[in-house]
>>> print(open('protein_36.json').read())   # JSON, C-alpha atoms
[["chain", "number", "residue", "atom", "x", "y", "z"],
["G", 1058, "MET", "CA", 21.36, -22.54, -18.99],
["G", 1059, "LYS", "CA", 18.31, -23.10, -21.13],
["G", 1060, "SER", "CA", 15.66, -20.54, -21.98],
["G", 1061, "LYS", "CA", 13.38, -22.07, -19.39],
["G", 1062, "ASP", "CA", 15.91, -21.17, -16.71],
["G", 1063, "TYR", "CA", 16.14, -17.63, -18.03],
["G", 1064, "LEU", "CA", 12.38, -17.29, -17.91],
["G", 1065, "GLN", "CA", 12.46, -18.52, -14.35],
["G", 1066, "ASP", "CA", 15.16, -15.93, -13.60],
["G", 1067, "ILE", "CA", 12.95, -13.15, -14.93],
["G", 1068, "ASN", "CA", 10.00, -14.38, -12.88],
["G", 1069, "GLU", "CA", 12.12, -14.55, -9.77],
["G", 1070, "ILE", "CA", 13.40, -11.02, -10.36],
["G", 1071, "LYS", "CA", 9.86, -9.72, -10.75],
["G", 1072, "HIS", "CA", 8.70, -11.55, -7.65],
["G", 1073, "LEU", "CA", 11.54, -10.22, -5.50],
["G", 1074, "MET", "CA", 11.11, -6.67, -6.78],
["G", 1075, "ASN", "CA", 7.43, -6.75, -5.80],
["G", 1076, "LYS", "CA", 7.93, -8.50, -2.52],
["G", 1077, "SER", "CA", 10.74, -6.22, -1.37],
["G", 1078, "SER", "CA", 9.09, -2.93, -2.26],
["G", 1079, "ARG", "CA", 5.38, -3.59, -1.85],
["G", 1080, "PHE", "CA", 3.25, -5.01, 0.92],
["G", 1081, "MET", "CA", 1.29, -7.66, -0.94],
["G", 1082, "SER", "CA", -0.70, -9.12, 1.95],
["G", 1083, "LEU", "CA", -3.32, -6.40, 2.19],
["G", 1084, "SER", "CA", -6.61, -8.18, 2.78],
["G", 1085, "GLY", "CA", -9.53, -7.57, 0.42],
["G", 1086, "LEU", "CA", -11.94, -9.10, 2.90],
["G", 1087, "SER", "CA", -11.11, -6.38, 5.43],
["G", 1088, "GLY", "CA", -12.14, -3.82, 2.80],
["G", 1089, "ILE", "CA", -15.54, -5.48, 2.47],
["G", 1090, "LEU", "CA", -16.01, -5.53, 6.25],
["G", 1091, "ALA", "CA", -14.90, -1.89, 6.59],
["G", 1092, "GLY", "CA", -17.55, -1.00, 4.00],
["G", 1093, "ILE", "CA", -20.22, -2.82, 5.98],
["G", 1094, "TYR", "CA", -19.20, -1.06, 9.22],
["G", 1095, "ALA", "CA", -19.33, 2.25, 7.37],
["G", 1096, "LEU", "CA", -22.84, 1.59, 6.08],
["G", 1097, "ILE", "CA", -24.08, 0.66, 9.54],
["G", 1098, "GLY", "CA", -22.35, 3.75, 10.92],
["G", 1099, "ALA", "CA", -23.91, 5.94, 8.23],
["G", 1100, "TYR", "CA", -27.35, 4.57, 9.04],
["G", 1101, "LEU", "CA", -26.90, 5.19, 12.77],
["G", 1102, "GLY", "CA", -25.54, 8.65, 12.00],
["G", 1103, "TYR", "CA", -28.58, 9.34, 9.83],
["G", 1104, "THR", "CA", -30.98, 8.45, 12.65],
["G", 1105, "VAL", "CA", -29.11, 10.79, 14.99],
["G", 1106, "ILE", "CA", -28.77, 13.74, 12.64],
["G", 1107, "TYR", "CA", -32.21, 13.70, 11.05],
["G", 1108, "ARG", "CA", -34.17, 12.52, 14.06],
["G", 1109, "ASP", "CA", -35.90, 15.77, 14.92],
["G", 1110, "ASN", "CA", -35.54, 17.58, 11.67],
["G", 1111, "ILE", "CA", -38.60, 18.24, 9.63],
["G", 1112, "ILE", "CA", -38.67, 19.09, 5.97],
["G", 1113, "SER", "CA", -39.71, 22.72, 5.77],
["G", 1114, "ASN", "CA", -42.19, 24.28, 3.39],
["G", 1115, "ASP", "CA", -39.44, 25.21, 0.98],
["G", 1116, "GLY", "CA", -38.47, 21.60, 0.69],
["G", 1117, "TYR", "CA", -35.16, 22.12, 2.46],
["G", 1118, "ARG", "CA", -34.12, 20.04, 5.34],
["G", 1119, "THR", "CA", -33.17, 22.20, 8.23],
["G", 1120, "LEU", "CA", -30.47, 20.74, 10.30],
["G", 1121, "VAL", "CA", -30.45, 21.43, 13.99],
["G", 1122, "LEU", "CA", -27.67, 19.70, 15.81],
["G", 1123, "ASP", "CA", -27.14, 20.14, 19.48],
["G", 1124, "GLY", "CA", -23.95, 19.29, 21.31],
["G", 1125, "LYS", "CA", -25.17, 15.84, 22.30],
["G", 1126, "ASP", "CA", -25.89, 14.88, 18.70],
["G", 1127, "ILE", "CA", -22.44, 15.93, 17.62],
["G", 1128, "ILE", "CA", -20.85, 13.87, 20.36],
["G", 1129, "ASN", "CA", -22.95, 10.87, 19.28],
["G", 1130, "VAL", "CA", -21.92, 11.25, 15.65],
["G", 1131, "VAL", "CA", -18.27, 11.57, 16.63],
["G", 1132, "ILE", "CA", -18.55, 8.41, 18.76],
["G", 1133, "ILE", "CA", -20.14, 6.48, 15.85],
["G", 1134, "ALA", "CA", -17.40, 7.66, 13.48],
["G", 1135, "PHE", "CA", -14.71, 6.76, 15.97],
["G", 1136, "VAL", "CA", -16.10, 3.24, 16.49],
["G", 1137, "VAL", "CA", -16.37, 2.66, 12.72],
["G", 1138, "VAL", "CA", -12.79, 3.82, 12.11],
["G", 1139, "THR", "CA", -11.36, 1.82, 15.02],
["G", 1140, "LEU", "CA", -13.19, -1.37, 14.03],
["G", 1141, "SER", "CA", -12.06, -0.96, 10.41],
["G", 1142, "ILE", "CA", -8.42, -0.49, 11.41],
["G", 1143, "ILE", "CA", -8.46, -3.49, 13.76],
["G", 1144, "THR", "CA", -10.13, -5.67, 11.11],
["G", 1145, "GLY", "CA", -7.67, -4.51, 8.44],
["G", 1146, "ILE", "CA", -4.63, -5.20, 10.59],
["G", 1147, "TYR", "CA", -5.88, -8.56, 11.81],
["G", 1148, "LEU", "CA", -6.93, -9.92, 8.41],
["G", 1149, "SER", "CA", -3.77, -8.65, 6.66],
["G", 1150, "TRP", "CA", -1.67, -10.17, 9.42],
["G", 1151, "ARG", "CA", -3.48, -13.47, 8.94],
["G", 1152, "LYS", "CA", -3.03, -13.31, 5.17],
["G", 1153, "ALA", "CA", 0.68, -12.55, 5.52],
["G", 1154, "LYS", "CA", 1.06, -15.50, 7.86],
["G", 1155, "LYS", "CA", -0.76, -17.78, 5.45],
["G", 1156, "GLN", "CA", 1.51, -16.64, 2.61],
["G", 1157, "ASN", "CA", 4.53, -17.13, 4.81],
["G", 1158, "GLU", "CA", 5.51, -13.48, 4.52],
["G", 1159, "SER", "CA", 6.39, -11.19, 7.37],
["G", 1160, "PHE", "CA", 3.78, -8.65, 8.39],
["G", 1161, "TRP", "CA", 5.98, -5.95, 9.87],
["G", 1162, "ASN", "CA", 8.81, -5.27, 7.46],
["G", 1163, "SER", "CA", 10.26, -2.35, 5.53],
["G", 1164, "ALA", "CA", 7.54, -2.67, 2.88],
["G", 1165, "SER", "CA", 4.64, -2.49, 5.33],
["G", 1166, "LYS", "CA", 6.30, 0.34, 7.25],
["G", 1167, "ARG", "CA", 6.71, 2.34, 4.07],
["G", 1168, "LEU", "CA", 3.09, 1.63, 3.14],
["G", 1169, "LEU", "CA", 1.85, 2.85, 6.51],
["G", 1170, "ILE", "CA", 3.89, 6.06, 6.52],
["G", 1171, "ASN", "CA", 2.89, 7.01, 2.99],
["G", 1172, "PHE", "CA", -0.75, 6.23, 3.69],
["G", 1173, "LEU", "CA", -0.78, 8.21, 6.93],
["G", 1174, "ILE", "CA", 0.77, 11.47, 5.68],
["G", 1175, "PRO", "CA", -2.22, 12.57, 3.54],
["G", 1176, "LEU", "CA", -4.68, 10.88, 5.89],
["G", 1177, "ALA", "CA", -3.43, 12.59, 9.05],
["G", 1178, "THR", "CA", -3.31, 15.93, 7.20],
["G", 1179, "GLY", "CA", -6.95, 15.47, 6.26],
["G", 1180, "GLY", "CA", -7.82, 14.30, 9.75],
["G", 1181, "PHE", "CA", -6.43, 17.43, 11.41],
["G", 1182, "PHE", "CA", -7.93, 19.65, 8.71],
["G", 1183, "VAL", "CA", -11.39, 18.23, 9.41],
["G", 1184, "LEU", "CA", -10.96, 18.39, 13.20],
["G", 1185, "PHE", "CA", -10.02, 22.07, 12.98],
["G", 1186, "LEU", "CA", -13.07, 22.74, 10.81],
["G", 1187, "ILE", "CA", -15.33, 21.02, 13.34],
["G", 1188, "GLU", "CA", -13.73, 23.07, 16.07],
["G", 1189, "LYS", "CA", -14.72, 26.19, 14.10],
["G", 1190, "ASP", "CA", -18.29, 24.88, 13.65],
["G", 1191, "ILE", "CA", -17.89, 24.41, 9.90],
["G", 1192, "TYR", "CA", -19.54, 21.07, 9.17],
["G", 1193, "ALA", "CA", -20.47, 21.27, 5.50],
["G", 1194, "PHE", "CA", -17.07, 20.26, 4.22],
["G", 1195, "VAL", "CA", -16.40, 17.45, 6.64],
["G", 1196, "ALA", "CA", -17.76, 14.64, 4.45],
["G", 1197, "PRO", "CA", -16.22, 15.87, 1.17],
["G", 1198, "LEU", "CA", -12.83, 16.46, 2.76],
["G", 1199, "THR", "CA", -12.65, 13.07, 4.49],
["G", 1200, "LEU", "CA", -13.46, 11.43, 1.14],
["G", 1201, "VAL", "CA", -10.91, 13.49, -0.82],
["G", 1202, "PHE", "CA", -8.08, 13.06, 1.70],
["G", 1203, "TYR", "CA", -8.78, 9.34, 2.07],
["G", 1204, "GLY", "CA", -8.65, 9.03, -1.71],
["G", 1205, "LEU", "CA", -5.33, 10.91, -1.85],
["G", 1206, "ALA", "CA", -3.96, 8.68, 0.92],
["G", 1207, "LEU", "CA", -4.94, 5.58, -1.08],
["G", 1208, "VAL", "CA", -3.36, 6.89, -4.29],
["G", 1209, "ASN", "CA", -0.17, 7.67, -2.38],
["G", 1210, "ALA", "CA", -0.17, 4.26, -0.69],
["G", 1211, "SER", "CA", -0.80, 2.38, -3.94],
["G", 1212, "LYS", "CA", 2.89, 2.62, -4.85],
["G", 1213, "TYR", "CA", 3.70, 0.43, -1.86],
["G", 1214, "THR", "CA", 1.02, -2.23, -2.05],
["G", 1215, "LEU", "CA", -1.39, -3.85, -4.53],
["G", 1216, "GLY", "CA", -1.63, -1.50, -7.52],
["G", 1217, "TYR", "CA", -5.42, -1.82, -7.49],
["G", 1218, "ILE", "CA", -5.68, 0.60, -4.59],
["G", 1219, "ARG", "CA", -4.83, 3.43, -6.99],
["G", 1220, "TYR", "CA", -8.17, 3.15, -8.81],
["G", 1221, "PHE", "CA", -9.99, 2.87, -5.50],
["G", 1222, "GLY", "CA", -8.30, 6.11, -4.41],
["G", 1223, "ILE", "CA", -9.20, 7.94, -7.63],
["G", 1224, "THR", "CA", -12.84, 6.82, -7.23],
["G", 1225, "MET", "CA", -12.89, 8.19, -3.68],
["G", 1226, "ILE", "CA", -11.45, 11.53, -4.83],
["G", 1227, "LEU", "CA", -14.15, 11.82, -7.52],
["G", 1228, "ILE", "CA", -16.91, 11.00, -5.02],
["G", 1229, "GLY", "CA", -15.41, 13.58, -2.65],
["G", 1230, "LEU", "CA", -15.43, 16.24, -5.36],
["G", 1231, "ALA", "CA", -19.00, 15.36, -6.34],
["G", 1232, "SER", "CA", -19.99, 15.77, -2.73],
["G", 1233, "VAL", "CA", -18.62, 19.34, -2.68],
["G", 1234, "TRP", "CA", -20.67, 20.07, -5.76],
["G", 1235, "PHE", "CA", -23.85, 18.62, -4.22],
["G", 1236, "LEU", "CA", -23.20, 20.14, -0.83],
["G", 1237, "GLY", "CA", -25.64, 19.04, 1.84],
["G", 1238, "TYR", "CA", -25.74, 15.38, 0.83],
["G", 1239, "GLY", "CA", -22.52, 14.60, 2.68],
["G", 1240, "LEU", "CA", -23.83, 11.58, 4.51],
["G", 1241, "PHE", "CA", -25.12, 10.05, 1.28],
["G", 1242, "PHE", "CA", -21.78, 10.46, -0.49],
["G", 1243, "TRP", "CA", -19.99, 9.33, 2.63],
["G", 1244, "ALA", "CA", -22.00, 6.09, 2.62],
["G", 1245, "LEU", "CA", -21.40, 5.69, -1.11],
["G", 1246, "GLY", "CA", -17.64, 6.15, -0.78],
["G", 1247, "PHE", "CA", -16.72, 4.55, 2.52],
["G", 1248, "GLY", "CA", -19.51, 1.97, 2.36],
["G", 1249, "ILE", "CA", -20.35, 0.85, -1.18],
["G", 1250, "CYS", "CA", -16.95, 1.56, -2.76],
["G", 1251, "HIS", "CA", -15.11, -0.22, 0.02],
["G", 1252, "ILE", "CA", -17.31, -3.27, -0.50],
["G", 1253, "ILE", "CA", -16.91, -3.23, -4.30],
["G", 1254, "TYR", "CA", -13.14, -2.73, -4.33],
["G", 1255, "GLY", "CA", -12.68, -5.06, -1.37],
["G", 1256, "ALA", "CA", -14.56, -7.78, -3.25],
["G", 1257, "LEU", "CA", -12.51, -7.18, -6.43],
["G", 1258, "MET", "CA", -9.29, -7.45, -4.42],
["G", 1259, "HIS", "CA", -10.54, -10.47, -2.55],
["G", 1260, "PHE", "CA", -11.32, -12.39, -5.71],
["G", 1261, "LYS", "CA", -8.21, -11.24, -7.55],
["G", 1262, "TYR", "CA", -5.57, -11.68, -4.83],
["G", 1263, "ASP", "CA", -6.87, -13.39, -1.69],
["G", 1264, "ARG", "CA", -8.19, -16.57, -3.12],
["G", 1265, "LYS", "CA", -4.93, -17.77, -4.60],
["J", 1225, "MET", "CA", 27.72, -16.25, -29.64],
["J", 1226, "SER", "CA", 26.54, -12.66, -29.91],
["J", 1227, "LEU", "CA", 23.33, -13.27, -28.04],
["J", 1228, "LEU", "CA", 25.20, -14.11, -24.91],
["J", 1229, "THR", "CA", 27.57, -11.14, -24.93],
["J", 1230, "ASN", "CA", 25.55, -9.15, -22.42],
["J", 1231, "ILE", "CA", 24.83, -12.04, -20.10],
["J", 1232, "ASN", "CA", 26.80, -11.05, -17.06],
["J", 1233, "LYS", "CA", 28.67, -13.81, -15.30],
["J", 1234, "ALA", "CA", 28.44, -11.93, -12.02],
["J", 1235, "PHE", "CA", 24.65, -12.35, -12.05],
["J", 1236, "ASP", "CA", 24.73, -15.98, -13.04],
["J", 1237, "HIS", "CA", 23.47, -17.12, -9.67],
["J", 1238, "ARG", "CA", 20.03, -17.06, -8.11],
["J", 1239, "ILE", "CA", 21.09, -15.26, -4.93],
["J", 1240, "ARG", "CA", 23.19, -12.61, -6.65],
["J", 1241, "LEU", "CA", 20.35, -11.98, -9.07],
["J", 1242, "GLY", "CA", 18.01, -11.74, -6.08],
["J", 1243, "ILE", "CA", 20.20, -9.23, -4.25],
["J", 1244, "MET", "CA", 20.35, -7.02, -7.32],
["J", 1245, "SER", "CA", 16.59, -7.26, -7.92],
["J", 1246, "ILE", "CA", 15.85, -6.09, -4.39],
["J", 1247, "LEU", "CA", 18.39, -3.26, -4.48],
["J", 1248, "MET", "CA", 17.16, -2.02, -7.86],
["J", 1249, "VAL", "CA", 13.72, -1.13, -6.47],
["J", 1250, "ASN", "CA", 14.79, -0.05, -2.99],
["J", 1251, "GLU", "CA", 16.99, 2.87, -2.08],
["J", 1252, "TYR", "CA", 18.86, 0.51, 0.23],
["J", 1253, "ALA", "CA", 18.35, -2.71, 2.15],
["J", 1254, "ASP", "CA", 20.11, -3.97, 5.26],
["J", 1255, "PHE", "CA", 21.61, -7.39, 5.77],
["J", 1256, "ASN", "CA", 18.69, -8.85, 7.70],
["J", 1257, "THR", "CA", 16.10, -7.64, 5.20],
["J", 1258, "LEU", "CA", 18.04, -9.29, 2.38],
["J", 1259, "LYS", "CA", 18.44, -12.43, 4.40],
["J", 1260, "GLU", "CA", 14.75, -12.66, 5.13],
["J", 1261, "LEU", "CA", 13.66, -11.93, 1.57],
["J", 1262, "LEU", "CA", 16.07, -14.38, -0.02],
["J", 1263, "ASP", "CA", 15.79, -17.02, 2.66],
["J", 1264, "VAL", "CA", 19.52, -17.79, 2.82],
["J", 1265, "THR", "CA", 22.09, -18.31, 5.55],
["J", 1266, "ASP", "CA", 24.37, -15.53, 6.83],
["J", 1267, "GLY", "CA", 27.53, -17.01, 5.33],
["J", 1268, "ASN", "CA", 25.97, -17.66, 1.97],
["J", 1269, "LEU", "CA", 24.54, -14.17, 1.69],
["J", 1270, "ALA", "CA", 27.79, -12.55, 2.85],
["J", 1271, "SER", "CA", 29.86, -14.33, 0.22],
["J", 1272, "HIS", "CA", 27.52, -13.30, -2.59],
["J", 1273, "LEU", "CA", 27.44, -9.72, -1.33],
["J", 1274, "LYS", "CA", 31.22, -9.71, -1.30],
["J", 1275, "ALA", "CA", 31.31, -10.94, -4.89],
["J", 1276, "LEU", "CA", 29.00, -8.15, -6.00],
["J", 1277, "GLU", "CA", 31.00, -5.60, -4.03],
["J", 1278, "LYS", "CA", 34.18, -6.74, -5.74],
["J", 1279, "GLU", "CA", 32.59, -6.01, -9.11],
["J", 1280, "ALA", "CA", 31.67, -2.56, -7.73],
["J", 1281, "PHE", "CA", 28.00, -3.28, -8.37],
["J", 1282, "ILE", "CA", 26.91, -2.51, -4.81],
["J", 1283, "ASN", "CA", 27.84, -0.04, -2.08],
["J", 1284, "ILE", "CA", 28.31, -1.13, 1.49],
["J", 1285, "GLU", "CA", 27.56, 1.28, 4.29],
["J", 1286, "LYS", "CA", 28.34, 0.39, 7.84],
["J", 1287, "GLN", "CA", 26.70, 2.33, 10.62],
["J", 1288, "PHE", "CA", 25.41, 2.01, 14.13],
["J", 1289, "ILE", "CA", 21.78, 2.07, 15.14],
["J", 1290, "GLY", "CA", 22.06, 2.74, 18.83],
["J", 1291, "ARG", "CA", 24.81, 0.35, 19.79],
["J", 1292, "LYS", "CA", 23.96, -2.27, 17.21],
["J", 1293, "PRO", "CA", 26.05, -2.41, 14.05],
["J", 1294, "ASN", "CA", 23.95, -2.23, 10.92],
["J", 1295, "THR", "CA", 25.18, -2.80, 7.40],
["J", 1296, "ARG", "CA", 23.13, -1.56, 4.53],
["J", 1297, "TYR", "CA", 23.59, -2.04, 0.85],
["J", 1298, "SER", "CA", 22.69, -0.02, -2.20],
["J", 1299, "VAL", "CA", 23.24, -0.45, -5.89],
["J", 1300, "THR", "CA", 25.94, 1.58, -7.69],
["J", 1301, "LYS", "CA", 25.49, 3.27, -11.03],
["J", 1302, "ASN", "CA", 27.69, 0.60, -12.57],
["J", 1303, "GLY", "CA", 25.64, -2.15, -11.02],
["J", 1304, "SER", "CA", 22.39, -0.64, -12.18],
["J", 1305, "THR", "CA", 23.59, -0.39, -15.78],
["J", 1306, "ALA", "CA", 25.04, -3.91, -15.73],
["J", 1307, "PHE", "CA", 21.84, -5.33, -14.29],
["J", 1308, "LYS", "CA", 19.66, -3.62, -16.90],
["J", 1309, "ASP", "CA", 21.91, -4.93, -19.68],
["J", 1310, "HIS", "CA", 21.66, -8.38, -18.16],
["J", 1311, "ILE", "CA", 17.85, -8.26, -18.06],
["J", 1312, "ASN", "CA", 17.68, -7.03, -21.64],
["J", 1313, "ALA", "CA", 19.96, -9.87, -22.70],
["J", 1314, "LEU", "CA", 17.76, -12.39, -20.88],
["J", 1315, "GLU", "CA", 14.67, -11.03, -22.60],
["J", 1316, "ARG", "CA", 16.33, -11.17, -26.01],
["J", 1317, "ILE", "CA", 17.23, -14.81, -25.51],
["J", 1318, "ILE", "CA", 13.75, -15.72, -24.34],
["J", 1319, "ASN", "CA", 12.12, -13.92, -27.25],
["J", 1320, "LYS", "CA", 14.48, -15.52, -29.76],
["J", 1321, "GLN", "CA", 13.62, -18.99, -28.58],
["J", 1322, "LYS", "CA", 9.88, -18.55, -28.50]]
>>> encode(input="protein_36.json", output="structure tokens")
Amino acid sequence: MKSKDYLQDINEIKHLMNKSSRFMSLSGLSGILAGIYALIGAYLGYTVIYRDNIISNDGYRTLVLDGKDIINVVIIAFVVVTLSIITGIYLSWRKAKKQNESFWNSASKRLLINFLIPLATGGFFVLFLIEKDIYAFVAPLTLVFYGLALVNASKYTLGYIRYFGITMILIGLASVWFLGYGLFFWALGFGICHIIYGALMHFKYDRK
Amino acid sequence: MSLLTNINKAFDHRIRLGIMSILMVNEYADFNTLKELLDVTDGNLASHLKALEKEAFINIEKQFIGRKPNTRYSVTKNGSTAFKDHINALERIINKQK
């Protein structure tokens, strides 16, 4: 064996280690689209929430939400999340097929489980808060838990996701500090950040 | 030659090297997963697995999932050490020849 063969061995080892333990077909494009859905959703949410609210003399915005508004906001959020998930699954499936990799294997299962544990925890946490009429922390908590889910999932897919997750956590924390601007931070995190990181991933991994 | 002392003959094959690479980063892998990742035939994979088992580099665990037999493999402590030595030896050779 010559050194060239040894180098090839090392490359093959690296490739197999990645392929067997990480799901490499995650689509960057789906991140961009999810960001766009989120921005549209945030805009629609804004028109619902702030429709009848007038800025008071003190300069504060008083928020009056009736039951119908809340249902509308929940429907918007649900549509955004569902569309994002469908887009993510479809585009990643297509990418996996193009790369001749399988979509549903032990690596993608592990990715899903490790992503869902923090995410579902956050999801229930937020639902229970809404049930108790505590709305202020909904936006910060969804951002923080989503960020934690991404950091946790990053061990099982493209390593990039880790920095995305940390960014989301920081935005989530900032949004606790500046309480009351939840929708703004929500649009920044789920909208703008998704688009930026999706584009980075798309140019770094997808276009090979 | 001293450089080659740690090059392990047991790993001197693409498929055996592949099996070890997969098992090093996964707690365990079953036969079909290995087969799919390495893109080899049943017989070919089985013979290389047997060779690695004989060296006591991998563990074989047979179990049933429902009524289907399922064989899963994991790396032994011996195998892990031998594989790391092998990789280090490969890297030394590559660096020497640069």
>>> closest_residue(input="protein_36.json", among="G:Phe1247, G:Tyr1107, G:Phe1080, G:Phe1241", to="Leu1168 of chain G", atoms="only C-alpha atoms")
G:Phe1080
>>> closest_atom_pairs(input="protein_36.json", of="chain J", to="chain G", cutoff="7 Å", atoms="all atoms listed in the file", output="CSV")
residue,atom,partner,partner_atom,distance
J:Gly1242,CA,G:Ile1070,CA,6.3
J:Ser1245,CA,G:Ile1070,CA,5.5
J:Ile1246,CA,G:Met1074,CA,5.3
J:Val1249,CA,G:Met1074,CA,6.1
J:Asn1250,CA,G:Ser1078,CA,6.4
J:Leu1314,CA,G:Tyr1063,CA,6.2
J:Ile1317,CA,G:Ser1060,CA,6.9
J:Ile1318,CA,G:Ser1060,CA,5.7
>>> atom_distance(input="protein_36.json", atom1="atom CA of Gly1267 of chain J", atom2="atom CA of Lys1292 of chain J")
19.3 Å
>>> atom_distance(input="protein_36.json", atom1="atom CA of Phe1202 of chain G", atom2="atom CA of Ile1097 of chain G")
21.7 Å
>>> closest_residue(input="protein_36.json", among="G:Tyr1100, G:Tyr1203, G:Trp1161, G:Tyr1147", to="Ala1134 of chain G", atoms="all atoms listed in the file")
G:Tyr1100
>>> residues_near_point(input="protein_36.json", point="(22.9, 0.6, 11.3)", cutoff="12 Å", atoms="only C-alpha atoms", output="ChimeraX atom specification")
/J:1252-1256,1284-1297
>>> closest_residue(input="protein_36.json", among="G:Phe1181, G:Phe1160, G:Phe1221, G:Phe1194", to="Met1258 of chain G", atoms="all atoms listed in the file")
G:Phe1221
>>> decode(input="protein_36.json", residues="segment 1296-1318 of chain J", atoms="C-alpha atoms", output="PDB file, in the first residue's frame")
ATOM      1  CA  ARG J1296     -26.240  -6.337  16.380  1.00  0.00           C
ATOM      2  CA  TYR J1297     -22.577  -5.596  16.663  1.00  0.00           C
ATOM      3  CA  SER J1298     -20.514  -3.415  18.939  1.00  0.00           C
ATOM      4  CA  VAL J1299     -16.833  -2.746  19.294  1.00  0.00           C
ATOM      5  CA  THR J1300     -14.854  -4.338  22.164  1.00  0.00           C
ATOM      6  CA  LYS J1301     -12.301  -2.527  24.270  1.00  0.00           C
ATOM      7  CA  ASN J1302      -9.587  -4.468  22.470  1.00  0.00           C
ATOM      8  CA  GLY J1303     -10.974  -3.511  19.106  1.00  0.00           C
ATOM      9  CA  SER J1304     -11.224   0.138  20.035  1.00  0.00           C
ATOM     10  CA  THR J1305      -7.593   0.273  21.171  1.00  0.00           C
ATOM     11  CA  ALA J1306      -6.373  -1.634  18.118  1.00  0.00           C
ATOM     12  CA  PHE J1307      -8.317   0.630  15.786  1.00  0.00           C
ATOM     13  CA  LYS J1308      -6.957   3.804  17.389  1.00  0.00           C
ATOM     14  CA  ASP J1309      -3.406   2.444  17.126  1.00  0.00           C
ATOM     15  CA  HIS J1310      -4.059   1.640  13.499  1.00  0.00           C
ATOM     16  CA  ILE J1311      -5.314   5.160  12.746  1.00  0.00           C
ATOM     17  CA  ASN J1312      -2.345   6.711  14.512  1.00  0.00           C
ATOM     18  CA  ALA J1313      -0.009   4.517  12.486  1.00  0.00           C
ATOM     19  CA  LEU J1314      -1.748   5.556   9.261  1.00  0.00           C
ATOM     20  CA  GLU J1315      -1.393   9.210  10.178  1.00  0.00           C
ATOM     21  CA  ARG J1316       2.288   8.804  11.013  1.00  0.00           C
ATOM     22  CA  ILE J1317       2.958   7.235   7.640  1.00  0.00           C
ATOM     23  CA  ILE J1318       1.058   9.927   5.779  1.00  0.00           C
TER      24      ILE J1318
END
